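**Q** Once you've had a glance at the structure underneath, I'll fire off some questions.
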Amino acid sequence: MPSDNSAEAEAIAIQALAHFAQDPETLERFLSLSGIAPNKIREAASSPGFLAGVLDFLMQNEAILLTFSANNGMRAETIASAHRQLLGYDIG
């Protein structure tokens with residue numbers, strides 16, 4: 001059973017994916033790097049590994065990270081913690 005932290009981390013990653021979807025260029029770049037076809041996003045989103053990849057992409061793109069953080073009232077440290085949680089490094 002996922003912990004509350006896991007559920008929160010997954011929710012942050014899904015928010016980030018929705019953020020990417022608002023900018024076709026960002027979404028296209030993400031899909032290209034991830035190797036996911038646009039029609040497979042929903043299926044892939046059920047995988048913690050995919051969601052960790054969403055946050056990895058976000059954290060590697062400072063401009064996108066800062067915009068996402070500002071738009072969602074979220075600190076970059078919160079996103080980094082969610083990323084570690086999805087990777088299994090931040091248990092508890």
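By convention in this document, the chains of the structure tokens carry letters A, B, ... by their order, each chain's residues are numbered from 1, and ligands are numbered from 1 in the order they are shown.
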Would you mind listing, for every residue of stretch 21-70 of chain A within 7 Å of stretch 78-89 of chain A, the two atoms forming the shortest contact and the distance between them in Å to one decimal, using only C-alpha atoms, sorted by chain and ascending residue number, as CSV?

**A**
residue,atom,partner,partner_atom,distance
A:Pro48,CA,A:Leu86,CA,5.7
A:Gly49,CA,A:Leu86,CA,6.9
A:Ala52,CA,A:Leu86,CA,5.4
A:Leu55,CA,A:His83,CA,5.8
A:Asp56,CA,A:His83,CA,7.0

**Q** May I have the residues within 8 Å of A:Leu58 as an NGL selection string, using only C-alpha atoms and disregarding those fewer than 6 positions away in the same chain?

**A** :A and (16 or 64-65)

**Q** Restrict the selected residues to C-alpha atoms and save them as a JSON list (two decimals), in the first residue's frame.

**A**
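part_0.json, written as the output of this step:
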[["chain", "number", "residue", "atom", "x", "y", "z"],
["A", 16, "ALA", "CA", 4.10, 18.38, -13.60],
["A", 64, "ILE", "CA", 10.33, 24.88, -16.51],
["A", 65, "LEU", "CA", 11.05, 24.04, -12.86]]

**Q** Would you give me, as number ranges by chain, the residues in chain A that DSSP reads as helix (DSSP H, G or I)?

**A** A: 4-21, 24-34, 38-44, 48-59, 62-72, 76-87

**Q** So that I can check the surroundings of A:Ser34, please list as a list of chain:residue names every protein, DNA and RNA residue that reaches within 12 Å of it, counting only C-alpha atoms and ignoring chain neighbours fewer than 4 positions away.

**A** A:Leu27, A:Glu28, A:Arg29, A:Phe30, A:Pro38, A:Lys40, A:Ile41, A:Ala44, A:Ala45, A:Gly49, A:Phe50, A:Leu51, A:Ala52, A:Gly53, A:Val54, A:Leu55, A:Asp56, A:Phe57

**Q** Could you state the separation of atom CA of A:His19 and atom CA of A:Asn71 in Å, given to one decimal place?

**A**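 Atom CA of A:Asn71 lies 9.3 Å from atom CA of A:His19.
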
**Q** Take atom CA of A:Ser69 and atom CA of A:Gln22 and report the distance between them in Å, one decimal.

**A**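 Atom CA of A:Gln22 lies at a distance of 14.7 Å from atom CA of A:Ser69.
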